[in-house]
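Take a look at the structure below.
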Amino acid sequence: MSQRIILRAAEVQKSFGATRALRGVTFDARAGEVHALCGENGAGKSTLVGVLGGLHAWKSYEGEVWIDGRLARWTGVRDAEAAGVVVVHQELALIDSLSIAENLFLHGYPASRVRVHWAELERQGRDALRRVGLGLSPDEAVGSLGAGQKQLVEVARGLVKRPKVLILDEPTASLTERDAAHLFEILRGLRREGVAIVYISHRLAEVLSLADRVSVLRDGSTVATDDAANLDEPAIVRHMVGRQLAAARPRQPPANAAAPALRVRDLTAYGAGGGRAVRDVSFDVRPGEVVGVAGLMGAGRSELLMHLYGLWGKRVAGSVHVGGRDYPAPTPIRSVERGVVLITEDRRGLGLALDESSGRNLSLSSLGSIADRFGVVDRAVERRRNESVCDAVCLSRGALPRPVRQLSGGNQQKVVLGRALLTDPRLILLDEPFRGVDIAAKRQIMELVSDLATRGKAILLVSSELGELFQICNRLMVLAAGRVAASFDAPPFSLDEVLLAATRATHAPAGAGGGGA
């Protein structure tokens, strides 16, 4: 393996007002290697990526960035990409109203001086999609895709720019294990071609299986860099958090057999245009239970939760009962009134008002409960409630006045969770709550979910991370092609059986998805 350094950061410091985000970070990316970058949310990883990728222009930071032995004086992202540094961000930057192909080549369409060569655009788009394992038409609108498919389109867009240095920020956060494995094969191929890969992930098993070297940031500083072969997960965690994490407590089953908080029977719903669908789905969720939903990308997991909340799909058959009452036409407002909340997988696109303060975001869904009859909100009560829920979700009270877009991914997730809790829900729909959060925040969210169930909340949890599902859920169902392919009534759950069910393209045998899941 070549050890030529392509990209190097030397003693980089970066501040946002009084907040010091980077405190003298040194980091390099070498040809033909995968260099993983780890750290808790807020450790400085995203800021460092912004510096390396040209988002933070030269002279807006202290220290130096070098590319191929030359000092980088980039004024923006285009300069960095022209030099060969391409970033695939965790937060997607696709335009929903454009086609996949148009998104792939926003940096420059194949064109002559007078027109775009649309046939060539489609051909190159199809090749790019095939490379990341997506059998989609390049003409399909990006807005019709799920989060995992959008993530792979984002990766494909990075690859078509032919990078010397490819920086990937949480690229598998919304991918299934099968799609993640395919991405790893692509990255290993790029490594053999001599591309330098910077890989950012909170999934430490991925880091150790893929990376040649690992660097850890903590509080804006580089605290460790070592060969991956010399590290294990506990060692990386100790570097990340500066201490040993306590083991997570296993989820205990509820002691009662209460009537279901949610009962779904023979539910069939279709999306716009009759494409994606949920078909013949039946299950219950009782107070005090965490029921998990597993499945591959496109299996209908997110669609199921969004339909129950009132954000997706036209119901054509079946019934939904919440708290024993029929719920034939859900809308988000009615759902909150009935005690149903959704924590969406797309927290930035659907879950947050990014330019508002964290405090205002926390209050948005429950302002009516602290307003007088003229609609005037009692700000003192709002502040006390927000501070209390901050403590409940392990969010610093200092985050309350800050615009929520300035928070790390893990802290943004805590804001979404906190807002849901302020509505005092009976049923919580959690869609990928561990996506893009660090190991410590993940542990805190798992503890919070367990505590909520212990207090009698009913929880329906979608996650692509089977380890978390296996640890926290009382029961588990697997969706495949919009149908319940299998149900598992109690842990321990079998990884082989879950994966086998997830790959089924047809309905499971009779009884597999009855009312028990």
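Labeling convention for the structure tokens: chains A, B, ... as they appear, residues from 1 per chain, ligands from 1 in order of appearance.
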Kindly assemble as a Markdown table a list of the stretch 419-470 of chain A residues that lie within 10 Å of stretch 332-338 of chain A, each paired with its nearest atom pair and their distance in Å to one decimal, using only C-alpha atoms, sorted first by chain and then by ascending residue number.
```
| residue | atom | partner | partner_atom | distance |
| --- | --- | --- | --- | --- |
| A:Ala420 | CA | A:Val336 | CA | 9.0 |
| A:Thr423 | CA | A:Val336 | CA | 7.2 |
| A:Asp424 | CA | A:Val336 | CA | 9.2 |
| A:Pro425 | CA | A:Val336 | CA | 7.4 |
| A:Arg426 | CA | A:Arg338 | CA | 8.1 |
| A:Leu427 | CA | A:Arg338 | CA | 8.9 |
```
Could you save the residues just selected, with N, CA, C and O atoms, as a PDB file, in the first residue's frame?
```pdb
ATOM      1  N   ALA A 420     -41.381  15.349  21.412  1.00  0.00           N
ATOM      2  CA  ALA A 420     -42.416  14.313  21.466  1.00  0.00           C
ATOM      3  C   ALA A 420     -42.859  14.064  22.902  1.00  0.00           C
ATOM      4  O   ALA A 420     -44.054  13.925  23.183  1.00  0.00           O
ATOM      5  N   THR A 423     -45.554  16.245  24.597  1.00  0.00           N
ATOM      6  CA  THR A 423     -46.973  16.047  24.262  1.00  0.00           C
ATOM      7  C   THR A 423     -47.603  14.957  25.129  1.00  0.00           C
ATOM      8  O   THR A 423     -48.795  14.683  24.982  1.00  0.00           O
ATOM      9  N   ASP A 424     -46.830  14.330  26.000  1.00  0.00           N
ATOM     10  CA  ASP A 424     -47.287  13.237  26.858  1.00  0.00           C
ATOM     11  C   ASP A 424     -47.967  12.140  26.044  1.00  0.00           C
ATOM     12  O   ASP A 424     -49.147  11.826  26.250  1.00  0.00           O
ATOM     13  N   PRO A 425     -47.237  11.506  25.107  1.00  0.00           N
ATOM     14  CA  PRO A 425     -47.868  10.531  24.214  1.00  0.00           C
ATOM     15  C   PRO A 425     -48.141   9.198  24.901  1.00  0.00           C
ATOM     16  O   PRO A 425     -47.504   8.838  25.886  1.00  0.00           O
ATOM     17  N   ARG A 426     -49.074   8.434  24.331  1.00  0.00           N
ATOM     18  CA  ARG A 426     -49.302   7.059  24.775  1.00  0.00           C
ATOM     19  C   ARG A 426     -48.608   6.085  23.824  1.00  0.00           C
ATOM     20  O   ARG A 426     -48.255   4.981  24.216  1.00  0.00           O
ATOM     21  N   LEU A 427     -48.452   6.503  22.539  1.00  0.00           N
ATOM     22  CA  LEU A 427     -47.833   5.657  21.519  1.00  0.00           C
ATOM     23  C   LEU A 427     -46.737   6.453  20.827  1.00  0.00           C
ATOM     24  O   LEU A 427     -46.984   7.542  20.303  1.00  0.00           O
TER      25      LEU A 427
END
```
### Query
What residues in stretch 34-210 of chain A get the DSSP label strand (DSSP E or B)? Please answer as a ChimeraX atom specification.
/A:34-38,62-67,70-71,85-88,99,111,116,141,165-169,196-200
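Distances from A:Gly323, A:Gly482, A:Gly39, A:Pro163 to A:Arg191 were compared using only C-alpha atoms, and the smallest one belongs to A:Pro163.
Among A:Asp139, A:Met297, A:Asp489, A:Asp284, the residue with the shortest atom-to-atom distance to A:Leu152, counting only C-alpha atoms, is A:Met297.
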### Message
Need to verify the contact set: A:Lys161, 8 Å, only C-alpha atoms, exclusion of same-chain residues closer than 3 positions in sequence. Can you return it as a ChimeraX atom specification?
### Response
/A:81,86,157-158
Same residues, C-alpha atoms, saved as an mmCIF file, in the first residue's frame:
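Dumped everything to out_17.cif:
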```cif
data_model
loop_
_atom_site.group_PDB
_atom_site.id
_atom_site.type_symbol
_atom_site.label_atom_id
_atom_site.label_comp_id
_atom_site.auth_asym_id
_atom_site.auth_seq_id
_atom_site.Cartn_x
_atom_site.Cartn_y
_atom_site.Cartn_z
ATOM 1 C CA GLU A 81 -13.647 19.252 -5.594
ATOM 2 C CA VAL A 86 -15.128 15.088 -2.513
ATOM 3 C CA ARG A 157 -22.812 11.435 -6.938
ATOM 4 C CA GLY A 158 -19.517 11.513 -5.070
#
```
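For the atom pair formed by atom CA of A:Ser363 and atom CA of A:Val293, the distance is 28.7 Å, given to one decimal.
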Need the shell around stretch 94-108 of chain A: protein/DNA/RNA residues with any atom at most 9 Å away, counting only C-alpha atoms. Skip same-chain ones fewer than 4 positions apart. Format as a compact mmCIF listing (two decimals) with all heavy atoms, in the first residue's frame?
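Full text of out19.txt as output:
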```
# COMPACT_ATOMS: atom_id res chain seq x y z
N ARG A 78 -16.35 24.04 -4.45
CA ARG A 78 -15.94 23.78 -5.84
C ARG A 78 -14.42 23.74 -5.97
O ARG A 78 -13.87 22.95 -6.75
CB ARG A 78 -16.53 24.83 -6.77
CG ARG A 78 -18.01 24.67 -7.03
CD ARG A 78 -18.50 25.60 -8.12
NE ARG A 78 -19.89 25.37 -8.44
CZ ARG A 78 -20.33 24.49 -9.31
NH1 ARG A 78 -19.46 23.72 -9.95
NH2 ARG A 78 -21.63 24.35 -9.56
N LEU A 121 -26.60 11.66 -20.43
CA LEU A 121 -26.86 11.86 -19.01
C LEU A 121 -27.54 10.62 -18.42
O LEU A 121 -27.16 10.14 -17.33
CB LEU A 121 -27.75 13.09 -18.81
CG LEU A 121 -28.12 13.44 -17.36
CD1 LEU A 121 -26.93 13.99 -16.61
CD2 LEU A 121 -29.27 14.45 -17.34
N GLU A 122 -28.52 10.09 -19.13
CA GLU A 122 -29.23 8.90 -18.65
C GLU A 122 -28.29 7.69 -18.61
O GLU A 122 -28.32 6.90 -17.65
CB GLU A 122 -30.43 8.60 -19.53
CG GLU A 122 -31.22 7.39 -19.06
CD GLU A 122 -32.46 7.14 -19.89
OE1 GLU A 122 -32.79 8.00 -20.73
OE2 GLU A 122 -33.10 6.09 -19.69
N ARG A 123 -27.45 7.54 -19.65
CA ARG A 123 -26.54 6.39 -19.68
C ARG A 123 -25.55 6.45 -18.52
O ARG A 123 -25.33 5.46 -17.81
CB ARG A 123 -25.77 6.36 -21.00
CG ARG A 123 -24.89 5.12 -21.18
CD ARG A 123 -23.95 5.26 -22.36
NE ARG A 123 -22.94 6.29 -22.13
CZ ARG A 123 -21.85 6.10 -21.36
NH1 ARG A 123 -21.66 4.95 -20.73
NH2 ARG A 123 -20.98 7.08 -21.21
N GLN A 124 -24.94 7.61 -18.31
CA GLN A 124 -23.99 7.75 -17.22
C GLN A 124 -24.68 7.60 -15.87
O GLN A 124 -24.11 7.03 -14.93
CB GLN A 124 -23.28 9.09 -17.31
CG GLN A 124 -22.35 9.23 -18.51
CD GLN A 124 -21.56 10.52 -18.49
OE1 GLN A 124 -21.29 11.10 -17.44
NE2 GLN A 124 -21.16 11.00 -19.67
N GLY A 125 -25.91 8.09 -15.79
CA GLY A 125 -26.66 7.94 -14.54
C GLY A 125 -26.94 6.49 -14.23
O GLY A 125 -26.82 6.04 -13.08
N ARG A 126 -27.31 5.73 -15.25
CA ARG A 126 -27.59 4.31 -15.05
C ARG A 126 -26.32 3.57 -14.59
O ARG A 126 -26.36 2.71 -13.71
CB ARG A 126 -28.14 3.70 -16.33
CG ARG A 126 -28.93 2.41 -16.13
CD ARG A 126 -29.56 1.96 -17.42
NE ARG A 126 -30.52 2.92 -17.95
CZ ARG A 126 -31.77 3.02 -17.52
NH1 ARG A 126 -32.20 2.22 -16.55
NH2 ARG A 126 -32.58 3.91 -18.05
N ALA A 128 -23.80 4.88 -12.97
CA ALA A 128 -23.48 5.30 -11.59
C ALA A 128 -24.36 4.58 -10.59
O ALA A 128 -23.91 4.15 -9.53
CB ALA A 128 -23.63 6.82 -11.46
N LEU A 129 -25.65 4.44 -10.91
CA LEU A 129 -26.57 3.74 -10.01
C LEU A 129 -26.21 2.26 -9.90
O LEU A 129 -26.28 1.67 -8.82
CB LEU A 129 -28.01 3.90 -10.50
CG LEU A 129 -28.59 5.30 -10.41
CD1 LEU A 129 -29.96 5.35 -11.07
CD2 LEU A 129 -28.68 5.77 -8.97
N LEU A 136 -32.52 1.40 -10.08
CA LEU A 136 -33.55 2.40 -10.31
C LEU A 136 -33.37 3.05 -11.67
O LEU A 136 -32.26 3.04 -12.24
CB LEU A 136 -33.50 3.48 -9.23
CG LEU A 136 -33.70 3.04 -7.78
CD1 LEU A 136 -33.42 4.21 -6.84
CD2 LEU A 136 -35.12 2.53 -7.58
N SER A 137 -34.44 3.63 -12.18
CA SER A 137 -34.33 4.41 -13.40
C SER A 137 -33.71 5.76 -13.07
O SER A 137 -34.12 6.42 -12.11
CB SER A 137 -35.71 4.62 -14.02
OG SER A 137 -35.64 5.61 -15.04
N PRO A 138 -32.72 6.21 -13.86
CA PRO A 138 -32.14 7.54 -13.60
C PRO A 138 -33.13 8.67 -13.81
O PRO A 138 -32.89 9.79 -13.38
CB PRO A 138 -30.97 7.62 -14.59
CG PRO A 138 -31.25 6.58 -15.62
CD PRO A 138 -32.05 5.51 -14.95
N ASP A 139 -34.27 8.36 -14.47
CA ASP A 139 -35.29 9.39 -14.69
C ASP A 139 -36.21 9.57 -13.48
O ASP A 139 -36.99 10.52 -13.43
CB ASP A 139 -36.15 9.03 -15.89
CG ASP A 139 -35.35 9.05 -17.19
OD1 ASP A 139 -34.42 9.85 -17.28
OD2 ASP A 139 -35.68 8.26 -18.09
N GLU A 140 -36.14 8.67 -12.51
CA GLU A 140 -37.03 8.74 -11.36
C GLU A 140 -36.71 9.97 -10.50
O GLU A 140 -35.55 10.33 -10.31
CB GLU A 140 -36.91 7.47 -10.52
CG GLU A 140 -37.94 7.37 -9.39
CD GLU A 140 -38.01 5.98 -8.78
OE1 GLU A 140 -37.41 5.05 -9.32
OE2 GLU A 140 -38.69 5.86 -7.74
N ALA A 141 -37.76 10.61 -10.00
CA ALA A 141 -37.56 11.80 -9.16
C ALA A 141 -36.98 11.39 -7.81
O ALA A 141 -37.41 10.41 -7.20
CB ALA A 141 -38.88 12.53 -8.95
N VAL A 142 -36.00 12.15 -7.35
CA VAL A 142 -35.36 11.84 -6.08
C VAL A 142 -36.37 11.92 -4.93
O VAL A 142 -36.27 11.17 -3.96
CB VAL A 142 -34.17 12.80 -5.84
CG1 VAL A 142 -33.78 12.84 -4.37
CG2 VAL A 142 -32.98 12.37 -6.69
N GLY A 143 -37.35 12.79 -5.05
CA GLY A 143 -38.34 12.93 -3.98
C GLY A 143 -39.15 11.68 -3.72
O GLY A 143 -39.76 11.55 -2.66
N SER A 144 -39.17 10.75 -4.67
CA SER A 144 -39.94 9.52 -4.49
C SER A 144 -39.14 8.43 -3.77
O SER A 144 -39.68 7.36 -3.49
CB SER A 144 -40.41 8.99 -5.85
OG SER A 144 -39.29 8.52 -6.61
N LEU A 145 -37.88 8.68 -3.48
CA LEU A 145 -37.01 7.65 -2.91
C LEU A 145 -37.06 7.67 -1.39
O LEU A 145 -37.34 8.70 -0.76
CB LEU A 145 -35.56 7.88 -3.35
CG LEU A 145 -35.29 7.96 -4.86
CD1 LEU A 145 -33.80 8.11 -5.11
CD2 LEU A 145 -35.86 6.77 -5.60
N LYS A 150 -31.75 7.40 -1.13
CA LYS A 150 -31.15 8.73 -1.32
C LYS A 150 -29.69 8.72 -0.88
O LYS A 150 -28.83 9.35 -1.52
CB LYS A 150 -31.92 9.78 -0.53
CG LYS A 150 -33.28 10.14 -1.11
CD LYS A 150 -33.96 11.23 -0.28
CE LYS A 150 -35.28 11.63 -0.89
NZ LYS A 150 -35.96 12.69 -0.09
N VAL A 153 -27.67 7.27 -3.63
CA VAL A 153 -27.56 8.24 -4.72
C VAL A 153 -26.50 9.28 -4.37
O VAL A 153 -25.70 9.69 -5.23
CB VAL A 153 -28.92 8.91 -5.00
CG1 VAL A 153 -28.76 10.09 -5.96
CG2 VAL A 153 -29.90 7.90 -5.58
N GLU A 154 -26.47 9.70 -3.12
CA GLU A 154 -25.46 10.68 -2.69
C GLU A 154 -24.06 10.10 -2.84
O GLU A 154 -23.12 10.79 -3.28
CB GLU A 154 -25.71 11.06 -1.23
CG GLU A 154 -24.94 12.27 -0.74
CD GLU A 154 -25.54 13.59 -1.22
OE1 GLU A 154 -26.56 14.02 -0.68
OE2 GLU A 154 -24.95 14.19 -2.14
N ALA A 156 -23.20 7.73 -5.00
CA ALA A 156 -22.96 7.67 -6.44
C ALA A 156 -22.54 9.03 -6.98
O ALA A 156 -21.66 9.13 -7.85
CB ALA A 156 -24.21 7.17 -7.15
N ARG A 157 -23.16 10.09 -6.47
CA ARG A 157 -22.81 11.43 -6.94
C ARG A 157 -21.36 11.77 -6.59
O ARG A 157 -20.65 12.41 -7.37
CB ARG A 157 -23.75 12.48 -6.33
CG ARG A 157 -23.48 13.87 -6.86
CD ARG A 157 -24.61 14.82 -6.58
NE ARG A 157 -24.70 15.20 -5.19
CZ ARG A 157 -25.46 16.21 -4.75
NH1 ARG A 157 -26.20 16.89 -5.61
NH2 ARG A 157 -25.51 16.51 -3.48
N GLY A 158 -20.92 11.31 -5.42
CA GLY A 158 -19.52 11.51 -5.07
C GLY A 158 -18.57 10.76 -5.99
O GLY A 158 -17.52 11.27 -6.40
N VAL A 160 -18.98 9.83 -9.15
CA VAL A 160 -18.89 10.31 -10.53
C VAL A 160 -17.94 11.51 -10.65
O VAL A 160 -17.52 11.85 -11.75
CB VAL A 160 -20.28 10.68 -11.12
CG1 VAL A 160 -21.18 9.48 -11.14
CG2 VAL A 160 -20.90 11.85 -10.37
N LYS A 161 -17.56 12.10 -9.55
CA LYS A 161 -16.61 13.21 -9.58
C LYS A 161 -15.16 12.74 -9.59
O LYS A 161 -14.24 13.55 -9.60
CB LYS A 161 -16.85 14.13 -8.36
CG LYS A 161 -18.22 14.79 -8.37
CD LYS A 161 -18.49 15.57 -7.10
CE LYS A 161 -19.90 16.15 -7.10
NZ LYS A 161 -20.21 16.86 -5.84
```
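Reported to one decimal place, the separation of atom CA of A:Ser46 from atom CA of A:Ser60 is 15.3 Å.
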### Selection: 10 Å around A:Gly146, only C-alpha atoms, excl. self and same-chain fewer than 5 positions, as a PyMOL selection string
chain A and resi 151+174+276+297-298+300+302-303+346
